[in-house]
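With mmCIF, N, CA and C atoms inside, this is model.cif:
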```
data_structure
loop_
_atom_site.label_atom_id
_atom_site.label_comp_id
_atom_site.auth_asym_id
_atom_site.auth_seq_id
_atom_site.Cartn_x
_atom_site.Cartn_y
_atom_site.Cartn_z
N MET A 1 -20.59 -28.35 -39.21
CA MET A 1 -20.22 -26.96 -39.40
C MET A 1 -21.07 -26.05 -38.51
N LYS A 2 -22.37 -26.36 -38.44
CA LYS A 2 -23.25 -25.55 -37.63
C LYS A 2 -22.88 -25.68 -36.14
N THR A 3 -22.51 -26.87 -35.71
CA THR A 3 -22.12 -27.09 -34.33
C THR A 3 -20.85 -26.30 -34.00
N LYS A 4 -19.94 -26.24 -34.93
CA LYS A 4 -18.70 -25.49 -34.73
C LYS A 4 -19.00 -24.01 -34.54
N LYS A 5 -19.94 -23.46 -35.32
CA LYS A 5 -20.32 -22.05 -35.18
C LYS A 5 -20.96 -21.79 -33.83
N ILE A 6 -21.77 -22.70 -33.38
CA ILE A 6 -22.42 -22.53 -32.08
C ILE A 6 -21.39 -22.54 -30.96
N ILE A 7 -20.42 -23.43 -31.06
CA ILE A 7 -19.37 -23.49 -30.04
C ILE A 7 -18.54 -22.22 -30.04
N ILE A 8 -18.19 -21.74 -31.21
CA ILE A 8 -17.41 -20.49 -31.31
C ILE A 8 -18.22 -19.33 -30.75
N TYR A 9 -19.48 -19.24 -31.09
CA TYR A 9 -20.36 -18.19 -30.59
C TYR A 9 -20.43 -18.26 -29.06
N PHE A 10 -20.60 -19.44 -28.51
CA PHE A 10 -20.68 -19.62 -27.07
C PHE A 10 -19.38 -19.17 -26.39
N LEU A 11 -18.24 -19.56 -26.96
CA LEU A 11 -16.96 -19.18 -26.39
C LEU A 11 -16.73 -17.67 -26.45
N LEU A 12 -17.22 -17.02 -27.48
CA LEU A 12 -17.08 -15.57 -27.59
C LEU A 12 -18.01 -14.83 -26.63
N MET A 13 -19.17 -15.38 -26.38
CA MET A 13 -20.16 -14.73 -25.53
C MET A 13 -19.91 -14.97 -24.04
N LEU A 14 -19.22 -16.03 -23.69
CA LEU A 14 -19.00 -16.37 -22.29
C LEU A 14 -18.30 -15.25 -21.51
N PRO A 15 -17.20 -14.68 -22.00
CA PRO A 15 -16.58 -13.59 -21.24
C PRO A 15 -17.50 -12.37 -21.12
N LEU A 16 -18.26 -12.09 -22.15
CA LEU A 16 -19.19 -10.96 -22.11
C LEU A 16 -20.27 -11.19 -21.07
N TYR A 17 -20.80 -12.39 -21.04
CA TYR A 17 -21.84 -12.73 -20.07
C TYR A 17 -21.30 -12.64 -18.65
N SER A 18 -20.06 -13.05 -18.42
CA SER A 18 -19.51 -13.02 -17.08
C SER A 18 -19.32 -11.59 -16.58
N CYS A 19 -19.15 -10.63 -17.49
CA CYS A 19 -19.06 -9.22 -17.09
C CYS A 19 -20.42 -8.70 -16.63
N TRP A 20 -21.47 -9.16 -17.25
CA TRP A 20 -22.82 -8.69 -16.89
C TRP A 20 -23.32 -9.32 -15.62
N TYR A 21 -23.00 -10.56 -15.42
CA TYR A 21 -23.55 -11.29 -14.29
C TYR A 21 -22.59 -11.22 -13.12
N THR A 22 -22.87 -10.34 -12.19
CA THR A 22 -22.09 -10.28 -10.97
C THR A 22 -23.06 -10.44 -9.81
N ASN A 23 -22.85 -11.45 -9.06
CA ASN A 23 -23.74 -11.73 -7.95
C ASN A 23 -23.01 -11.46 -6.64
N GLN A 24 -22.40 -10.29 -6.54
CA GLN A 24 -21.69 -9.95 -5.33
C GLN A 24 -22.69 -9.39 -4.31
N PRO A 25 -22.53 -9.76 -3.06
CA PRO A 25 -23.42 -9.22 -2.04
C PRO A 25 -23.17 -7.72 -1.83
N THR A 26 -24.20 -7.05 -1.40
CA THR A 26 -24.08 -5.62 -1.12
C THR A 26 -24.44 -5.36 0.34
N ILE A 27 -24.06 -4.19 0.81
CA ILE A 27 -24.40 -3.74 2.15
C ILE A 27 -24.95 -2.33 2.01
N THR A 28 -25.96 -2.01 2.80
CA THR A 28 -26.57 -0.68 2.75
C THR A 28 -26.21 0.08 4.02
N TYR A 29 -25.67 1.28 3.82
CA TYR A 29 -25.39 2.20 4.92
C TYR A 29 -26.45 3.30 4.88
N THR A 30 -26.99 3.64 6.05
CA THR A 30 -28.04 4.65 6.13
C THR A 30 -27.56 5.80 7.00
N LEU A 31 -27.66 7.01 6.47
CA LEU A 31 -27.29 8.22 7.18
C LEU A 31 -28.56 9.01 7.43
N VAL A 32 -28.85 9.32 8.69
CA VAL A 32 -30.10 9.96 9.09
C VAL A 32 -29.80 11.32 9.71
N ASN A 33 -30.50 12.34 9.26
CA ASN A 33 -30.41 13.67 9.86
C ASN A 33 -31.61 13.82 10.80
N ASP A 34 -31.37 13.68 12.09
CA ASP A 34 -32.43 13.81 13.09
C ASP A 34 -32.50 15.22 13.67
N THR A 35 -32.03 16.20 12.92
CA THR A 35 -32.09 17.59 13.38
C THR A 35 -33.03 18.40 12.49
N ASP A 36 -33.27 19.63 12.90
CA ASP A 36 -34.10 20.56 12.12
C ASP A 36 -33.23 21.47 11.25
N PHE A 37 -32.03 21.04 10.94
CA PHE A 37 -31.07 21.85 10.20
C PHE A 37 -30.62 21.14 8.93
N ASP A 38 -30.27 21.92 7.91
CA ASP A 38 -29.58 21.36 6.75
C ASP A 38 -28.19 20.95 7.21
N VAL A 39 -27.75 19.80 6.77
CA VAL A 39 -26.45 19.27 7.19
C VAL A 39 -25.63 18.92 5.96
N SER A 40 -24.35 19.30 5.99
CA SER A 40 -23.43 18.83 4.96
C SER A 40 -22.26 18.15 5.66
N LEU A 41 -21.79 17.07 5.05
CA LEU A 41 -20.69 16.29 5.61
C LEU A 41 -19.61 16.10 4.56
N VAL A 42 -18.37 16.13 5.02
CA VAL A 42 -17.22 15.83 4.16
C VAL A 42 -16.29 14.94 4.97
N GLY A 43 -15.86 13.85 4.35
CA GLY A 43 -14.92 12.94 5.00
C GLY A 43 -13.52 13.18 4.50
N TYR A 44 -12.56 12.93 5.37
CA TYR A 44 -11.14 13.11 5.05
C TYR A 44 -10.38 11.84 5.44
N ARG A 45 -9.37 11.54 4.65
CA ARG A 45 -8.47 10.43 4.97
C ARG A 45 -7.08 11.00 5.19
N ASN A 46 -6.37 10.46 6.16
CA ASN A 46 -5.01 10.91 6.50
C ASN A 46 -5.00 12.40 6.82
N ARG A 47 -6.04 12.78 7.54
CA ARG A 47 -6.17 14.16 8.04
C ARG A 47 -6.12 15.21 6.91
N GLY A 48 -6.72 14.87 5.79
CA GLY A 48 -6.90 15.88 4.75
C GLY A 48 -6.18 15.63 3.45
N THR A 49 -5.37 14.58 3.36
CA THR A 49 -4.68 14.34 2.09
C THR A 49 -5.64 13.85 1.01
N SER A 50 -6.75 13.21 1.42
CA SER A 50 -7.81 12.80 0.49
C SER A 50 -9.13 13.34 1.03
N VAL A 51 -9.95 13.89 0.14
CA VAL A 51 -11.20 14.52 0.54
C VAL A 51 -12.34 13.88 -0.23
N SER A 52 -13.43 13.55 0.48
CA SER A 52 -14.59 12.93 -0.16
C SER A 52 -15.48 13.98 -0.81
N ASP A 53 -16.41 13.51 -1.62
CA ASP A 53 -17.47 14.38 -2.11
C ASP A 53 -18.34 14.79 -0.92
N SER A 54 -18.98 15.95 -1.02
CA SER A 54 -19.88 16.40 0.05
C SER A 54 -21.18 15.61 0.02
N ILE A 55 -21.73 15.39 1.20
CA ILE A 55 -23.04 14.76 1.36
C ILE A 55 -23.96 15.81 1.97
N PHE A 56 -25.13 16.00 1.36
CA PHE A 56 -26.09 16.98 1.86
C PHE A 56 -27.35 16.27 2.33
N LEU A 57 -27.81 16.67 3.53
CA LEU A 57 -29.03 16.10 4.09
C LEU A 57 -29.97 17.23 4.51
N SER A 58 -31.20 17.15 4.07
CA SER A 58 -32.22 18.10 4.50
C SER A 58 -32.61 17.77 5.93
N PRO A 59 -33.28 18.70 6.62
CA PRO A 59 -33.73 18.41 7.98
C PRO A 59 -34.61 17.16 8.02
N ASN A 60 -34.41 16.36 9.03
CA ASN A 60 -35.21 15.15 9.28
C ASN A 60 -35.33 14.25 8.05
N SER A 61 -34.20 13.99 7.41
CA SER A 61 -34.20 13.15 6.20
C SER A 61 -33.18 12.04 6.37
N ARG A 62 -33.12 11.19 5.36
CA ARG A 62 -32.17 10.08 5.38
C ARG A 62 -31.67 9.79 3.97
N LEU A 63 -30.47 9.27 3.88
CA LEU A 63 -29.88 8.83 2.62
C LEU A 63 -29.36 7.41 2.81
N GLU A 64 -29.48 6.61 1.76
CA GLU A 64 -28.95 5.26 1.80
C GLU A 64 -27.86 5.12 0.74
N PHE A 65 -26.82 4.40 1.10
CA PHE A 65 -25.67 4.16 0.23
C PHE A 65 -25.48 2.66 0.13
N GLU A 66 -25.59 2.12 -1.07
CA GLU A 66 -25.40 0.68 -1.27
C GLU A 66 -24.00 0.45 -1.81
N ARG A 67 -23.27 -0.39 -1.12
CA ARG A 67 -21.88 -0.69 -1.48
C ARG A 67 -21.70 -2.18 -1.69
N GLN A 68 -20.80 -2.54 -2.58
CA GLN A 68 -20.48 -3.96 -2.81
C GLN A 68 -19.59 -4.46 -1.69
N MET A 69 -19.76 -5.72 -1.38
CA MET A 69 -18.90 -6.39 -0.41
C MET A 69 -18.03 -7.39 -1.16
N GLY A 70 -17.03 -7.89 -0.51
CA GLY A 70 -16.21 -8.93 -1.11
C GLY A 70 -14.83 -8.47 -1.48
N GLU A 71 -14.13 -9.30 -2.20
CA GLU A 71 -12.72 -9.05 -2.54
C GLU A 71 -12.51 -7.76 -3.32
N ASP A 72 -13.40 -7.46 -4.25
CA ASP A 72 -13.20 -6.30 -5.11
C ASP A 72 -13.76 -5.01 -4.53
N SER A 73 -14.30 -5.05 -3.32
CA SER A 73 -14.88 -3.85 -2.74
C SER A 73 -13.76 -2.90 -2.30
N ASP A 74 -14.11 -1.64 -2.16
CA ASP A 74 -13.10 -0.66 -1.77
C ASP A 74 -13.32 -0.15 -0.35
N SER A 75 -14.15 -0.82 0.42
CA SER A 75 -14.40 -0.54 1.84
C SER A 75 -14.92 0.86 2.11
N ARG A 76 -15.71 1.40 1.18
CA ARG A 76 -16.34 2.69 1.44
C ARG A 76 -17.63 2.46 2.23
N SER A 77 -18.03 3.45 3.02
CA SER A 77 -19.32 3.38 3.68
C SER A 77 -20.17 4.52 3.15
N PHE A 78 -20.23 5.63 3.85
CA PHE A 78 -21.04 6.77 3.40
C PHE A 78 -20.31 7.64 2.39
N PHE A 79 -19.01 7.67 2.50
CA PHE A 79 -18.23 8.65 1.76
C PHE A 79 -17.68 8.08 0.45
N SER A 80 -17.29 8.98 -0.45
CA SER A 80 -16.80 8.57 -1.77
C SER A 80 -15.35 8.08 -1.74
N ILE A 81 -14.72 8.15 -0.57
CA ILE A 81 -13.37 7.61 -0.40
C ILE A 81 -13.40 6.58 0.74
N ALA A 82 -12.46 5.68 0.73
CA ALA A 82 -12.38 4.66 1.78
C ALA A 82 -11.53 5.15 2.94
N SER A 83 -11.68 4.49 4.07
CA SER A 83 -10.83 4.70 5.26
C SER A 83 -10.85 6.14 5.75
N VAL A 84 -12.03 6.71 5.88
CA VAL A 84 -12.17 8.07 6.40
C VAL A 84 -11.75 8.10 7.86
N ASP A 85 -10.90 9.07 8.25
CA ASP A 85 -10.46 9.16 9.64
C ASP A 85 -10.87 10.46 10.32
N SER A 86 -11.52 11.35 9.59
CA SER A 86 -12.09 12.55 10.20
C SER A 86 -13.23 13.05 9.32
N VAL A 87 -14.19 13.70 9.98
CA VAL A 87 -15.39 14.17 9.28
C VAL A 87 -15.69 15.59 9.73
N ARG A 88 -16.10 16.39 8.78
CA ARG A 88 -16.51 17.78 9.04
C ARG A 88 -18.01 17.85 8.77
N ILE A 89 -18.78 18.25 9.79
CA ILE A 89 -20.24 18.38 9.67
C ILE A 89 -20.60 19.85 9.85
N VAL A 90 -21.34 20.39 8.89
CA VAL A 90 -21.77 21.80 8.97
C VAL A 90 -23.29 21.82 9.06
N PHE A 91 -23.81 22.57 10.03
CA PHE A 91 -25.24 22.71 10.26
C PHE A 91 -25.69 24.09 9.78
N ASP A 92 -26.56 24.13 8.79
CA ASP A 92 -27.13 25.39 8.26
C ASP A 92 -26.09 26.46 7.95
N SER A 93 -24.89 26.06 7.62
CA SER A 93 -23.77 26.98 7.35
C SER A 93 -23.49 27.91 8.53
N LYS A 94 -23.92 27.50 9.74
CA LYS A 94 -23.75 28.36 10.92
C LYS A 94 -22.92 27.71 12.02
N LYS A 95 -22.93 26.36 12.07
CA LYS A 95 -22.18 25.68 13.12
C LYS A 95 -21.37 24.54 12.49
N LEU A 96 -20.22 24.26 13.10
CA LEU A 96 -19.28 23.26 12.58
C LEU A 96 -18.92 22.26 13.68
N LEU A 97 -18.95 20.99 13.32
CA LEU A 97 -18.49 19.92 14.19
C LEU A 97 -17.44 19.11 13.43
N VAL A 98 -16.25 19.01 14.00
CA VAL A 98 -15.18 18.22 13.40
C VAL A 98 -14.98 16.97 14.25
N LEU A 99 -15.12 15.82 13.61
CA LEU A 99 -14.96 14.54 14.30
C LEU A 99 -13.63 13.92 13.95
N THR A 100 -12.82 13.68 14.95
CA THR A 100 -11.57 12.96 14.75
C THR A 100 -11.48 11.80 15.73
N ASP A 101 -12.44 11.69 16.61
CA ASP A 101 -12.48 10.64 17.62
C ASP A 101 -13.09 9.38 17.00
N SER A 102 -12.36 8.32 17.00
CA SER A 102 -12.85 7.10 16.35
C SER A 102 -14.04 6.47 17.05
N ALA A 103 -14.49 7.05 18.18
CA ALA A 103 -15.64 6.51 18.90
C ALA A 103 -16.97 6.95 18.27
N HIS A 104 -16.96 7.93 17.39
CA HIS A 104 -18.21 8.37 16.75
C HIS A 104 -18.63 7.36 15.69
N ALA A 105 -19.93 7.13 15.59
CA ALA A 105 -20.47 6.12 14.67
C ALA A 105 -20.05 6.34 13.22
N LEU A 106 -19.89 7.60 12.80
CA LEU A 106 -19.46 7.87 11.42
C LEU A 106 -18.08 7.32 11.14
N LEU A 107 -17.21 7.39 12.11
CA LEU A 107 -15.84 6.90 11.91
C LEU A 107 -15.72 5.41 12.18
N LEU A 108 -16.70 4.84 12.85
CA LEU A 108 -16.71 3.40 13.08
C LEU A 108 -17.35 2.65 11.92
N GLU A 109 -17.87 3.40 10.95
CA GLU A 109 -18.51 2.84 9.76
C GLU A 109 -19.66 1.92 10.12
N GLU A 110 -20.45 2.34 11.10
CA GLU A 110 -21.65 1.58 11.44
C GLU A 110 -22.65 1.69 10.29
N ARG A 111 -23.56 0.74 10.20
CA ARG A 111 -24.47 0.68 9.06
C ARG A 111 -25.55 1.74 9.11
N ILE A 112 -25.98 2.16 10.30
CA ILE A 112 -26.97 3.23 10.43
C ILE A 112 -26.37 4.27 11.37
N VAL A 113 -26.26 5.50 10.88
CA VAL A 113 -25.70 6.58 11.69
C VAL A 113 -26.67 7.74 11.69
N LYS A 114 -26.88 8.30 12.87
CA LYS A 114 -27.77 9.45 13.01
C LYS A 114 -26.97 10.69 13.40
N ILE A 115 -27.26 11.78 12.69
CA ILE A 115 -26.75 13.09 13.08
C ILE A 115 -27.82 13.65 14.01
N THR A 116 -27.46 13.95 15.24
CA THR A 116 -28.45 14.26 16.27
C THR A 116 -28.35 15.69 16.79
N GLN A 117 -29.31 16.03 17.63
CA GLN A 117 -29.30 17.34 18.29
C GLN A 117 -28.06 17.48 19.17
N GLU A 118 -27.61 16.38 19.74
CA GLU A 118 -26.37 16.40 20.54
C GLU A 118 -25.18 16.79 19.67
N ASP A 119 -25.11 16.28 18.44
CA ASP A 119 -24.04 16.69 17.53
C ASP A 119 -24.11 18.20 17.27
N TYR A 120 -25.33 18.68 17.04
CA TYR A 120 -25.52 20.12 16.82
C TYR A 120 -25.06 20.92 18.04
N ASN A 121 -25.43 20.45 19.24
CA ASN A 121 -25.04 21.15 20.46
C ASN A 121 -23.54 21.15 20.66
N ASN A 122 -22.85 20.12 20.18
CA ASN A 122 -21.38 20.04 20.33
C ASN A 122 -20.65 20.86 19.25
N ALA A 123 -21.37 21.30 18.24
CA ALA A 123 -20.75 22.09 17.17
C ALA A 123 -20.46 23.51 17.66
N VAL A 124 -19.50 24.14 17.02
CA VAL A 124 -19.13 25.52 17.38
C VAL A 124 -19.62 26.47 16.28
N PRO A 125 -19.94 27.71 16.66
CA PRO A 125 -20.40 28.68 15.66
C PRO A 125 -19.29 28.96 14.62
N ILE A 126 -19.73 29.15 13.38
CA ILE A 126 -18.79 29.52 12.32
C ILE A 126 -18.75 31.04 12.28
N GLU A 127 -17.57 31.58 12.42
CA GLU A 127 -17.44 33.04 12.40
C GLU A 127 -17.33 33.53 10.97
N ASN A 128 -18.02 34.61 10.68
CA ASN A 128 -17.99 35.17 9.31
C ASN A 128 -16.80 36.03 9.09
#
```
Encoding of this model in structure tokens:
Amino acid sequence: MKTKKIIIYFLLMLPLYSCWYTNQPTITYTLVNDTDFDVSLVGYRNRGTSVSDSIFLSPNSRLEFERQMGEDSDSRSFFSIASVDSVRIVFDSKKLLVLTDSAHALLLEERIVKITQEDYNNAVPIEN
């Protein structure tokens, strides 16, 4: 009788244990602000039909984003949505850079991406 209880207990706990134990590999994406400006970024999918949460970076700072890999992953990198195809970067609420060129590291989903002085120089002033 005691053995039967142990077996029933084990069978009931097995699914619960499998929910807790996930050994899926992760990948870390690092976003670096190499400028002297506050930076905010927003990613868009399908040219605006889906919008990510904003990312804020202080001057000369970095943020890391850990994402799961594997079958159940949703292929996000820095942004809260997957498959970002354009990015809006605002510097100190004064200059704007819109990236739609897939050659930029942010859109290539590289693991380490730097926002640089060159990005700032390519941004246009925001008119009030």
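Note that DSSP on the backbone gives strand (DSSP E or B) to these residues of segment 72-101 of chain A: Ser86, Val87, Arg88, Ile89, Val90, Phe91, Lys95, Leu96, Leu97, Val98 and Leu99 of chain A.
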(request) Evaluate the PyMOL selection byres (((chain A and resi 37 and name CA) around 7) and name CA) here and jot the selected residues down as a PyMOL selection string. (result) chain A and resi 35-36+38-39+58-59+91-92
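You will find atom CA of Ser86 of chain A at 13.4 Å from atom CA of Ser54 of chain A.
Minimum atom-to-atom distances from A:Thr49, A:Ser40, A:Thr100, A:Ser77 to Val113 of chain A were compared using only C-alpha atoms, and the lowest value belongs to A:Ser77.
Nearest residue to Asn121 of chain A among A:Thr26, A:Tyr44, A:Leu97, A:Asp53 is A:Leu97, counting only C-alpha atoms.
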Taking all listed atoms of segment 81-90 of chain A, build the axis-aligned box, pad each of the six sides by 6 Å, then write its centre and edge lengths in Å to one decimal as lines of an AutoDock Vina configuration file.
```
center_x = -16.9
center_y = 13.2
center_z = 4.9
size_x = 24.8
size_y = 29.3
size_z = 22.9
```
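Residue membership of the PyMOL selection byres ((chain A and resi 111) around 6) in the shown file amounts to Thr28, Tyr29, Thr30, Glu109, Glu110, Ile112 and Val113 of chain A.
Minimum atom-to-atom distances from A:Asn128, A:Phe65, A:Val87, A:Leu96 to Ile27 of chain A were compared using only C-alpha atoms, and the lowest value belongs to A:Phe65.
In terms of minimum interatomic distance to Ser93 of chain A, A:Glu127 ranks closest within A:Arg67, A:Glu127, A:Asn122, A:Leu107, counting all atoms listed in the file.
The closest residue to Val98 of chain A, picked from A:Ala123, A:Leu63, A:Leu57, A:Val32 and counting all atoms listed in the file, is A:Ala123.
Note that atom CA of Phe56 of chain A and atom CA of Ile89 of chain A are 9.9 Å apart.
Restricting the calculation to only N, CA and C atoms, the smallest distance between Ile55 of chain A and any of A:Leu31, A:Leu41, A:Leu108, A:Ile81 is found for A:Leu41.
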(request) Quote the spacing between atom N of Val42 of chain A and atom CA of Leu99 of chain A in Å to one decimal place. (result) 10.0 Å
